[in-house]
Amino acid sequence: MPAFAQVAQPPAPRRMHALSLLGEPALPADFTHFPWVNPNAPKGGEITLYALGSFDSFNPFILRGTPATGSGLLYDTLLKESSDEASAEYGHLAEMVELPADKRGVTFELRESARWHDGRPITADDVVWTFNTLREHGRPFYRAYWADVAEVVAESPRRVTFRFSTDQNRELALILGQLAVLPKHWWAGRDFARPLLEAPLGSGPYKVERFEAGRSIVYRRVDDYWARDLPTMKGTNNFDVMRYEYFRDATVSLEAFKAGQIEFRTENVARDWATAYDFPAVRRGWVKRDEIRHELPTGLQGFVMNERRPLFRDRRVREALGLVFDFEWMNANLFYNSYARTSSYFSNSDFASRGLPEGREKEILERFKDRLPPEVFTREFKLPVTDGSGNNREQARRALELLREAGWTVRDRRLTNAQGQRFEFEILLNGPTFERVALPYIQALQRLGIEARVRTVDPPQYQVRMDSFDYDMTVDVFGQSSSPGNEQRDYWSSAKADEPGSRNTIGIKDPVVDEIVEMIVNAQTIEELTASCRALDRVLLWGFHTIPQWHSRTFRLVWWDKFGRPERNPKRALGLDSWWVDPAKERALAAARSAG
């Protein structure tokens with residue numbers, strides 16, 4: 001008999017209950033609840049929160065309209081992020097995840113029990129429809145985030161497979177697990193590309209009970225929520241009612257909190273944290289405060305210059321504008337010395353550049369040596385530091401030197417170029433809070449002969465102008481995760497610079513940045529990811545694309561004393577979804593306020 005060679009079988013796909021980019025998930029397949037929650041937390045009661053601005057849509061996935069705060073409560077995702085781990089997600093809608101040996105895809109098996117609020121099962125067709133609809137009609141972010149997905153296929157009612165165009169995108173399976181699945185049958189006959197002002201069908205722990213457009217929303221907990229006993233949900237979503245009241249102004253929202261109309265808030269204004277919470281309810285113990293340290297990367301917040309404008313295209317001009325920003329004076333006089341200066345796009349993380357480039361980071365940068373400023377290799381990037389007196393003469397002199405090199409000179413106390421154009425621009429803000437920061441900066445610019453002005457608009461108008469890149473300078477935040485990846489394309493890539501609604505608010509078009517971003521996306525090891533992120537950080541910093549501001553490494557919380565909370569917070573989130581109404585505290589607070 002002829003001998004037949006045995007054909008090697010391809011390796012079987014890995015089946016797992018969770019995904020992690022940094023080793024194995026911390027929790028086993030039979031975990032009963034996340035470790036920071038109280039699994040026996042009582043259900044019931046109400047919490048009233050605040051939002052700023054207005055809303056006219058329950059569709060947060062598109063550019064048009066202003067989405068309602070809390071819309072994420074309506075939908076479930078394939079996997080559920082662990083707020084205690086750097087990059088781990090556990091099975092939620094998907095009971096099991098399969099990764100093929102060739103790394104060119106991911107398969108999710110949906111739970112048989114998963115249901116929409118109308119009782120119909122959540123199917124693989126819903127997943128396919130959601131993905132394709134968001135990529136076609138959703139915000140540009142989705143197209144950048146999922147660029148390496150070749151196709152998605154429903155293999156059975158409960159099994160959906162995403163196929164990848166590359167085997168190098170290490171985090172793609174994890175970010176697909178973040179997909180909020182939408183009901184295909186409910187959207188039939190509705191235009192997904194238009195703002196939605198009716199309560200949508202969802203599958204999540206809450207549904208919209210009632211709303212008044214632009215003023216308030218009431219979400220009610222779903223009693224028969226299909227996932228209420230899953231390990232990913234145990235001990236969370238404990239309030240029967242979550243109410244959001246809208247305010248046009250942050251100051252008014254603070255006064256509403258003092259009056260008891262709002263019951264919980266996070267305080268982001270250092271001055272208010274230091275001075276605004278000495279009122280009778282605090283002194284009587286009815287209102288509690290806490291400052292909780294977290295381990296979240298803080299990214300970068302700063303003044304952003306729109307480099308689509310000719311005024312900001314010269315690197316020397318951008319550096320000069322940053323030199324006159326006196327953080328030390330502001331921190332002492334406006335912020336009660338409560339902030340740290342941000343000096344990296346990956347601040348509060350190991351991905352931040354430091355010292356001079358070395359090792360693998362240096363190898364990456366040397367590939368582009370002829371296209372980078374020489375300082376990248378010879379000087380550690382450091383932001384200017386003043387004595388905090390407000391007398392920033394040394395930096396102002398250096399700024400004028402740079403501006404002269406770029407063709408700008410002072411004539412009749414106005415900075416002017418050879419064509420007679422005056423150096424003037426507008427700082428666009430979405431509320432009055434940042435005016436107290438912008439105005440001292442404008443005064444410093446005036447000493448150089450630069451005429452800057454502030455324009456404050458309401459949040460919906462601000463969003464429209466941001467989406468169409470209609471601004472000279474604004475304040476933006478580039479948030480970072482514990483595992484940077486595909487989102488960097490939307491932040492920095494040339495392909496996104498002219499796409500309305502993208503997060504490339506600066507308008508960067510730099511082939512070097514494009515190449516390093518792809519190295520981040522395709523990094524296969526934590527060492528390669530770290531080196532690539534540090535290289536990108538250094539290139540961006542020496543490009544002077546932003547004027548970095550500050551960050552805080554704590555959550556500042558204040559609440560009326562009617563709530564219970566777990567013994568500890570998760571390391572990487574606020575964790576309000578694990579709080580509950582304590583009936584005894586609620587009765588005691590009501591009695592004290594009535595007597596008072």
# chains A, B, ... in the order shown; residues from 1 in each chain; ligands from 1

$ residues_around --residues "range 452-461 of chain A" --least-positions-apart "3" --cutoff "8 Å" --atoms "only C-alpha atoms" --output "MDAnalysis selection string"
chainID A and resid 52:55 65:66 248 424:432 435 438:439 442 445:446 464:465

$ select_by_dssp --residues "range 256-482 of chain A" --states "alpha helix (DSSP H)" --output "number ranges by chain"
A: 256-258, 270-275, 280-283, 315-323, 327-333, 359-366, 375-378, 393-405, 435-446, 459-467

$ write_last_selection --atoms "C-alpha atoms" --output "compact mmCIF listing (two decimals), in the first residue's frame"
# COMPACT_ATOMS: atom_id res chain seq x y z
CA ALA A 256 -27.67 73.80 42.46
CA PHE A 257 -25.48 71.26 44.26
CA LYS A 258 -25.28 73.47 47.34
CA ALA A 270 -9.10 73.92 41.69
CA ARG A 271 -10.32 77.27 42.99
CA ASP A 272 -13.78 75.88 43.75
CA TRP A 273 -12.29 72.80 45.42
CA ALA A 274 -10.27 75.10 47.68
CA THR A 275 -12.91 77.75 48.42
CA PRO A 280 -23.58 75.05 56.14
CA ALA A 281 -24.35 71.58 54.76
CA VAL A 282 -20.63 70.75 54.73
CA ARG A 283 -20.09 72.07 58.26
CA ARG A 315 7.52 75.83 14.34
CA ARG A 316 9.35 78.89 15.71
CA VAL A 317 6.07 80.75 16.06
CA ARG A 318 4.51 77.87 17.96
CA GLU A 319 7.49 77.63 20.30
CA ALA A 320 7.33 81.38 20.95
CA LEU A 321 3.65 81.22 21.88
CA GLY A 322 4.43 78.51 24.41
CA LEU A 323 7.28 80.44 26.01
CA PHE A 327 2.15 78.09 34.36
CA GLU A 328 3.90 78.75 37.66
CA TRP A 329 2.11 82.08 38.12
CA MET A 330 -1.25 80.53 37.22
CA ASN A 331 -0.75 77.54 39.50
CA ALA A 332 0.03 79.81 42.44
CA ASN A 333 -2.60 82.47 41.80
CA GLY A 359 18.16 52.01 22.95
CA ARG A 360 15.28 51.04 20.72
CA GLU A 361 13.72 54.50 20.90
CA LYS A 362 16.91 56.02 19.53
CA GLU A 363 17.00 53.45 16.72
CA ILE A 364 13.47 54.44 15.71
CA LEU A 365 14.24 58.15 15.72
CA GLU A 366 17.50 57.77 13.80
CA GLU A 375 17.31 68.95 19.41
CA VAL A 376 15.45 65.65 19.41
CA PHE A 377 18.80 63.88 19.81
CA THR A 378 20.83 66.45 21.73
CA ARG A 393 10.89 88.77 30.84
CA GLU A 394 13.51 86.17 29.94
CA GLN A 395 11.00 83.94 28.15
CA ALA A 396 9.39 86.95 26.45
CA ARG A 397 12.78 88.02 25.04
CA ARG A 398 13.43 84.54 23.70
CA ALA A 399 9.92 84.48 22.18
CA LEU A 400 10.54 87.77 20.36
CA GLU A 401 13.82 86.40 18.98
CA LEU A 402 12.01 83.37 17.56
CA LEU A 403 9.25 85.53 16.11
CA ARG A 404 11.82 87.79 14.41
CA GLU A 405 13.49 84.72 12.91
CA GLU A 435 -11.68 82.44 30.48
CA ARG A 436 -9.75 83.03 33.71
CA VAL A 437 -6.88 81.01 32.18
CA ALA A 438 -7.04 82.53 28.71
CA LEU A 439 -7.17 86.17 29.82
CA PRO A 440 -3.80 86.24 31.68
CA TYR A 441 -2.26 84.45 28.70
CA ILE A 442 -3.71 87.09 26.36
CA GLN A 443 -2.15 89.83 28.51
CA ALA A 444 1.25 88.12 28.19
CA LEU A 445 0.81 87.93 24.41
CA GLN A 446 -0.05 91.62 24.25
CA PRO A 459 -21.26 73.56 23.84
CA PRO A 460 -23.38 72.65 20.77
CA GLN A 461 -21.95 75.54 18.73
CA TYR A 462 -18.48 74.72 20.00
CA GLN A 463 -18.82 71.12 18.84
CA VAL A 464 -19.94 72.21 15.37
CA ARG A 465 -16.95 74.50 15.04
CA MET A 466 -14.56 71.84 16.34
CA ASP A 467 -15.91 69.23 13.90

$ atom_distance --atom1 "CA of Gly302 in chain A" --atom2 "CA of Glu528 in chain A"
27.5 Å

$ closest_residue --among "A:Thr546, A:Ser165, A:Ser20, A:Asn391" --to "Lys80 in chain A" --atoms "only C-alpha atoms"
A:Ser20

$ select_by_dssp --residues "range 212-454 of chain A" --states "strand (DSSP E)" --output "ChimeraX atom specification"
/A:212,216-221,241-247,264-266,287-293,300-305,340-341,408-411,414-417,424-429,451-454
